[in-house]
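Novice: Sharing target_35.pdb, PDB, C-alpha atoms and all ligand atoms:
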```pdb
ATOM      1  CA  MET A   1     -78.944 -28.489   3.168  1.00  0.00           C
ATOM      2  CA  GLU A   2     -77.576 -31.968   2.774  1.00  0.00           C
ATOM      3  CA  ALA A   3     -79.181 -34.986   1.201  1.00  0.00           C
ATOM      4  CA  THR A   4     -78.224 -38.618   0.987  1.00  0.00           C
ATOM      5  CA  LEU A   5     -79.005 -40.357  -2.272  1.00  0.00           C
ATOM      6  CA  LYS A   6     -79.070 -44.092  -2.700  1.00  0.00           C
ATOM      7  CA  ILE A   7     -77.888 -44.883  -6.208  1.00  0.00           C
ATOM      8  CA  GLU A   8     -78.397 -48.183  -7.956  1.00  0.00           C
ATOM      9  CA  GLY A   9     -76.274 -49.262 -10.878  1.00  0.00           C
ATOM     10  CA  MET A  10     -72.932 -48.032  -9.557  1.00  0.00           C
ATOM     11  CA  THR A  11     -70.301 -50.747  -9.511  1.00  0.00           C
ATOM     12  CA  CYS A  12     -66.861 -49.190  -9.554  1.00  0.00           C
ATOM     13  CA  GLU A  13     -64.729 -46.099  -9.126  1.00  0.00           C
ATOM     14  CA  HIS A  14     -65.509 -45.058 -12.683  1.00  0.00           C
ATOM     15  CA  CYS A  15     -69.178 -44.802 -11.748  1.00  0.00           C
ATOM     16  CA  VAL A  16     -68.232 -42.815  -8.665  1.00  0.00           C
ATOM     17  CA  ARG A  17     -66.386 -40.276 -10.797  1.00  0.00           C
ATOM     18  CA  HIS A  18     -69.209 -40.136 -13.331  1.00  0.00           C
ATOM     19  CA  VAL A  19     -71.810 -39.506 -10.641  1.00  0.00           C
ATOM     20  CA  THR A  20     -69.597 -36.974  -8.878  1.00  0.00           C
ATOM     21  CA  ASP A  21     -69.124 -35.006 -12.096  1.00  0.00           C
ATOM     22  CA  ALA A  22     -72.845 -35.149 -12.847  1.00  0.00           C
ATOM     23  CA  LEU A  23     -73.713 -33.896  -9.368  1.00  0.00           C
ATOM     24  CA  ASN A  24     -71.296 -30.997  -9.552  1.00  0.00           C
ATOM     25  CA  GLU A  25     -72.800 -29.909 -12.873  1.00  0.00           C
ATOM     26  CA  ILE A  26     -76.238 -29.408 -11.335  1.00  0.00           C
ATOM     27  CA  PRO A  27     -76.726 -25.752 -10.358  1.00  0.00           C
ATOM     28  CA  GLY A  28     -76.731 -25.350  -6.604  1.00  0.00           C
ATOM     29  CA  VAL A  29     -75.364 -28.825  -5.932  1.00  0.00           C
ATOM     30  CA  LYS A  30     -71.985 -29.884  -4.568  1.00  0.00           C
ATOM     31  CA  ALA A  31     -71.003 -33.512  -4.150  1.00  0.00           C
ATOM     32  CA  LEU A  32     -69.657 -33.988  -0.639  1.00  0.00           C
ATOM     33  CA  ARG A  33     -69.003 -37.693  -0.588  1.00  0.00           C
ATOM     34  CA  VAL A  34     -69.683 -40.232  -3.285  1.00  0.00           C
ATOM     35  CA  ILE A  35     -69.125 -43.943  -2.834  1.00  0.00           C
ATOM     36  CA  VAL A  36     -70.405 -46.905  -4.816  1.00  0.00           C
ATOM     37  CA  GLY A  37     -74.162 -46.934  -4.263  1.00  0.00           C
ATOM     38  CA  GLN A  38     -74.453 -43.705  -2.353  1.00  0.00           C
ATOM     39  CA  ALA A  39     -73.886 -39.994  -2.646  1.00  0.00           C
ATOM     40  CA  ILE A  40     -74.024 -37.302  -0.026  1.00  0.00           C
ATOM     41  CA  VAL A  41     -74.582 -33.866  -1.472  1.00  0.00           C
ATOM     42  CA  ALA A  42     -74.908 -30.313  -0.272  1.00  0.00           C
ATOM     43  CA  TYR A  43     -77.545 -28.368  -2.136  1.00  0.00           C
ATOM     44  CA  ASP A  44     -79.113 -24.963  -2.165  1.00  0.00           C
ATOM     45  CA  PRO A  45     -82.848 -25.456  -1.523  1.00  0.00           C
ATOM     46  CA  SER A  46     -83.632 -22.269  -3.437  1.00  0.00           C
ATOM     47  CA  GLN A  47     -82.107 -23.768  -6.585  1.00  0.00           C
ATOM     48  CA  THR A  48     -82.933 -27.441  -6.468  1.00  0.00           C
ATOM     49  CA  THR A  49     -84.455 -30.283  -4.482  1.00  0.00           C
ATOM     50  CA  PRO A  50     -83.228 -33.799  -3.708  1.00  0.00           C
ATOM     51  CA  GLU A  51     -85.924 -35.081  -6.042  1.00  0.00           C
ATOM     52  CA  SER A  52     -84.679 -33.041  -8.979  1.00  0.00           C
ATOM     53  CA  ILE A  53     -81.107 -34.103  -8.184  1.00  0.00           C
ATOM     54  CA  ALA A  54     -82.271 -37.709  -8.377  1.00  0.00           C
ATOM     55  CA  THR A  55     -83.961 -36.996 -11.695  1.00  0.00           C
ATOM     56  CA  ALA A  56     -80.806 -35.380 -13.050  1.00  0.00           C
ATOM     57  CA  LEU A  57     -78.765 -38.442 -12.071  1.00  0.00           C
ATOM     58  CA  LYS A  58     -81.198 -40.727 -13.840  1.00  0.00           C
ATOM     59  CA  ASP A  59     -80.697 -38.606 -16.937  1.00  0.00           C
ATOM     60  CA  VAL A  60     -76.965 -39.304 -16.874  1.00  0.00           C
ATOM     61  CA  GLY A  61     -77.376 -43.028 -16.597  1.00  0.00           C
ATOM     62  CA  ALA A  62     -77.882 -43.976 -12.965  1.00  0.00           C
ATOM     63  CA  PRO A  63     -80.927 -46.219 -13.356  1.00  0.00           C
ATOM     64  CA  GLY A  64     -82.231 -46.130  -9.825  1.00  0.00           C
ATOM     65  CA  VAL A  65     -81.867 -43.189  -7.520  1.00  0.00           C
ATOM     66  CA  SER A  66     -83.793 -42.739  -4.326  1.00  0.00           C
ATOM     67  CA  VAL A  67     -83.594 -40.046  -1.729  1.00  0.00           C
ATOM     68  CA  VAL A  68     -82.845 -41.406   1.702  1.00  0.00           C
ATOM     69  CA  PRO A  69     -85.048 -39.749   4.296  1.00  0.00           C
ATOM     70  CA  GLN A  70     -82.980 -37.695   6.672  1.00  0.00           C
ATOM     71  CA  LEU A  71     -83.740 -39.186  10.047  1.00  0.00           C
ATOM     72  CA  ASN A  72     -82.201 -36.224  11.808  1.00  0.00           C
ATOM     73  CA  ALA A  73     -83.769 -33.633   9.523  1.00  0.00           C
ATOM     74  CA  LYS A  74     -85.592 -31.995  12.414  1.00  0.00           C
ATOM     75  CA  ALA A  75     -82.542 -31.726  14.629  1.00  0.00           C
ATOM     76  CA  PRO A  76     -81.639 -28.119  13.695  1.00  0.00           C
ATOM     77  CA  GLU A  77     -84.923 -26.832  15.119  1.00  0.00           C
ATOM     78  CA  GLN A  78     -83.451 -27.102  18.601  1.00  0.00           C
ATOM     79  CA  LYS A  79     -86.503 -26.887  20.734  1.00  0.00           C
ATOM     80  CA  ASN A  80     -85.588 -25.943  24.213  1.00  0.00           C
ATOM     81  CA  CYS A  81     -86.132 -28.133  27.233  1.00  0.00           C
ATOM     82  CA  CYS A  82     -89.323 -26.466  28.458  1.00  0.00           C
ATOM     83  CA  GLY A  83     -91.061 -27.059  25.120  1.00  0.00           C
ATOM     84  CA  GLY A  84     -90.552 -23.628  23.632  1.00  0.00           C
ATOM     85  CA  HIS A  85     -93.019 -20.822  23.767  1.00  0.00           C
TER
HETATM   86 CU    CU A 101     -68.376 -48.291 -12.940  1.00  0.00          CU
END
```
Written as structure tokens, how would this file's structure read?
Specialist:
Amino acid sequence: MEATLKIEGMTCEHCVRHVTDALNEIPGVKALRVIVGQAIVAYDPSQTTPESIATALKDVGAPGVSVVPQLNAKAPEQKNCCGGH
């Protein structure tokens, strides 16, 4: 699963590295792309949730972390054109 996290309090590349390291230390989480203000992560839903990732980031000093709702979260269901059965 992937999640997009909006992160307040990041201002420079140092913050990016700090957040990236923190993400990669969370069991089941891999930082895919981290930029100032935002992180995209891959996570194992059996080990963690976006909410607990956000909590972990707050613990390492990112003051405001919110999980961006995945607008396309339902896409993988792939209902077929006749409405399924
Ligand atoms: Cu910084």
Novice: Just checking: using only C-alpha atoms and all ligand atoms, which residue out of A:Gln47, A:Thr11, A:Thr4, A:Thr55 ends up closest to ligand CU 101 (chain A)?
Specialist: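 Selected residue with least distance to ligand CU 101 (chain A): A:Thr11.
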Novice: Step by step: start from the point (-80.4, -32.8, -4.8) in the file's coordinates, keep every protein, DNA or RNA residue that has an atom no farther than 10 Å from it, count all atoms listed in the file, and write the set as a ChimeraX atom specification.
Specialist: /A:1-5,23,26-31,39-45,47-57,67
Novice: Considering only C-alpha atoms and all ligand atoms, can you say which of A:Val68, A:Val60, A:Leu32, A:Val19 comes closest to ligand CU 101 (chain A)?
Specialist: A:Val19
Novice: In Å, how far is it from atom CA of A:Lys6 to atom CA of A:Ser46?
Specialist: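 About the pair atom CA of A:Lys6 and atom CA of A:Ser46: they are 22.3 Å apart.
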Novice: To check your reading of the model: which residues sit at most 7 Å from ligand CU 101 (chain A) when counting only C-alpha atoms and all ligand atoms? Write the answer as a list in words.
Specialist: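 I would give the residues around ligand CU 101 (chain A) as Met10, Thr11, Cys12, Glu13, His14, Cys15 and Val16 of chain A.
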Novice: Distance atom CA of A:Ile7-atom CA of A:Gly64, one decimal place?
Specialist: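 Interatomic distance here is 5.8 Å.
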Novice: So what do you get for atom CA of A:Val36 versus atom CA of A:Lys58, distance-wise?
Specialist: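 For atom CA of A:Val36 relative to atom CA of A:Lys58, the distance reads 15.4 Å.
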Novice: As JSON, please: the centre and edge lengths in Å, to one decimal, of an axis-aligned box enclosing every listed atom of stretch 17-34 of chain A with 5 Å added on each side.
Specialist:
```
{"center_x": -71.6, "center_y": -32.8, "center_z": -7.0, "size_x": 20.3, "size_y": 24.9, "size_z": 22.7}
```
Novice: Restore N, CA and C atoms in stretch 34-52 of chain A and list the result as a PDB file, in the frame of the given file.
Specialist:
```pdb
ATOM      1  N   VAL A  34     -69.054 -39.262  -2.395  1.00  0.00           N
ATOM      2  CA  VAL A  34     -69.683 -40.232  -3.285  1.00  0.00           C
ATOM      3  C   VAL A  34     -68.940 -41.551  -3.150  1.00  0.00           C
ATOM      4  N   ILE A  35     -69.684 -42.598  -2.858  1.00  0.00           N
ATOM      5  CA  ILE A  35     -69.125 -43.943  -2.834  1.00  0.00           C
ATOM      6  C   ILE A  35     -70.007 -44.811  -3.711  1.00  0.00           C
ATOM      7  N   VAL A  36     -69.592 -46.021  -3.985  1.00  0.00           N
ATOM      8  CA  VAL A  36     -70.405 -46.905  -4.816  1.00  0.00           C
ATOM      9  C   VAL A  36     -71.751 -47.117  -4.117  1.00  0.00           C
ATOM     10  N   GLY A  37     -72.818 -46.711  -4.800  1.00  0.00           N
ATOM     11  CA  GLY A  37     -74.162 -46.934  -4.263  1.00  0.00           C
ATOM     12  C   GLY A  37     -74.741 -45.785  -3.464  1.00  0.00           C
ATOM     13  N   GLN A  38     -73.926 -44.783  -3.179  1.00  0.00           N
ATOM     14  CA  GLN A  38     -74.453 -43.705  -2.353  1.00  0.00           C
ATOM     15  C   GLN A  38     -73.726 -42.399  -2.587  1.00  0.00           C
ATOM     16  N   ALA A  39     -74.489 -41.314  -2.528  1.00  0.00           N
ATOM     17  CA  ALA A  39     -73.886 -39.994  -2.646  1.00  0.00           C
ATOM     18  C   ALA A  39     -74.458 -39.081  -1.576  1.00  0.00           C
ATOM     19  N   ILE A  40     -73.579 -38.322  -0.962  1.00  0.00           N
ATOM     20  CA  ILE A  40     -74.024 -37.302  -0.026  1.00  0.00           C
ATOM     21  C   ILE A  40     -73.716 -35.964  -0.675  1.00  0.00           C
ATOM     22  N   VAL A  41     -74.749 -35.132  -0.780  1.00  0.00           N
ATOM     23  CA  VAL A  41     -74.582 -33.866  -1.472  1.00  0.00           C
ATOM     24  C   VAL A  41     -75.005 -32.703  -0.583  1.00  0.00           C
ATOM     25  N   ALA A  42     -74.423 -31.559  -0.844  1.00  0.00           N
ATOM     26  CA  ALA A  42     -74.908 -30.313  -0.272  1.00  0.00           C
ATOM     27  C   ALA A  42     -75.641 -29.601  -1.392  1.00  0.00           C
ATOM     28  N   TYR A  43     -76.807 -29.054  -1.079  1.00  0.00           N
ATOM     29  CA  TYR A  43     -77.545 -28.368  -2.136  1.00  0.00           C
ATOM     30  C   TYR A  43     -78.191 -27.104  -1.586  1.00  0.00           C
ATOM     31  N   ASP A  44     -78.445 -26.195  -2.511  1.00  0.00           N
ATOM     32  CA  ASP A  44     -79.113 -24.963  -2.165  1.00  0.00           C
ATOM     33  C   ASP A  44     -80.608 -25.167  -2.414  1.00  0.00           C
ATOM     34  N   PRO A  45     -81.416 -25.168  -1.363  1.00  0.00           N
ATOM     35  CA  PRO A  45     -82.848 -25.456  -1.523  1.00  0.00           C
ATOM     36  C   PRO A  45     -83.569 -24.436  -2.396  1.00  0.00           C
ATOM     37  N   SER A  46     -82.972 -23.255  -2.586  1.00  0.00           N
ATOM     38  CA  SER A  46     -83.632 -22.269  -3.437  1.00  0.00           C
ATOM     39  C   SER A  46     -83.384 -22.564  -4.912  1.00  0.00           C
ATOM     40  N   GLN A  47     -82.429 -23.458  -5.185  1.00  0.00           N
ATOM     41  CA  GLN A  47     -82.107 -23.768  -6.585  1.00  0.00           C
ATOM     42  C   GLN A  47     -82.532 -25.160  -7.023  1.00  0.00           C
ATOM     43  N   THR A  48     -82.600 -26.083  -6.077  1.00  0.00           N
ATOM     44  CA  THR A  48     -82.933 -27.441  -6.468  1.00  0.00           C
ATOM     45  C   THR A  48     -83.496 -28.204  -5.272  1.00  0.00           C
ATOM     46  N   THR A  49     -83.940 -29.420  -5.536  1.00  0.00           N
ATOM     47  CA  THR A  49     -84.455 -30.283  -4.482  1.00  0.00           C
ATOM     48  C   THR A  49     -83.803 -31.650  -4.634  1.00  0.00           C
ATOM     49  N   PRO A  50     -83.784 -32.446  -3.578  1.00  0.00           N
ATOM     50  CA  PRO A  50     -83.228 -33.799  -3.708  1.00  0.00           C
ATOM     51  C   PRO A  50     -83.911 -34.587  -4.815  1.00  0.00           C
ATOM     52  N   GLU A  51     -85.199 -34.352  -5.000  1.00  0.00           N
ATOM     53  CA  GLU A  51     -85.924 -35.081  -6.042  1.00  0.00           C
ATOM     54  C   GLU A  51     -85.422 -34.707  -7.432  1.00  0.00           C
ATOM     55  N   SER A  52     -85.153 -33.419  -7.643  1.00  0.00           N
ATOM     56  CA  SER A  52     -84.679 -33.041  -8.979  1.00  0.00           C
ATOM     57  C   SER A  52     -83.226 -33.462  -9.173  1.00  0.00           C
TER      58      SER A  52
END
```
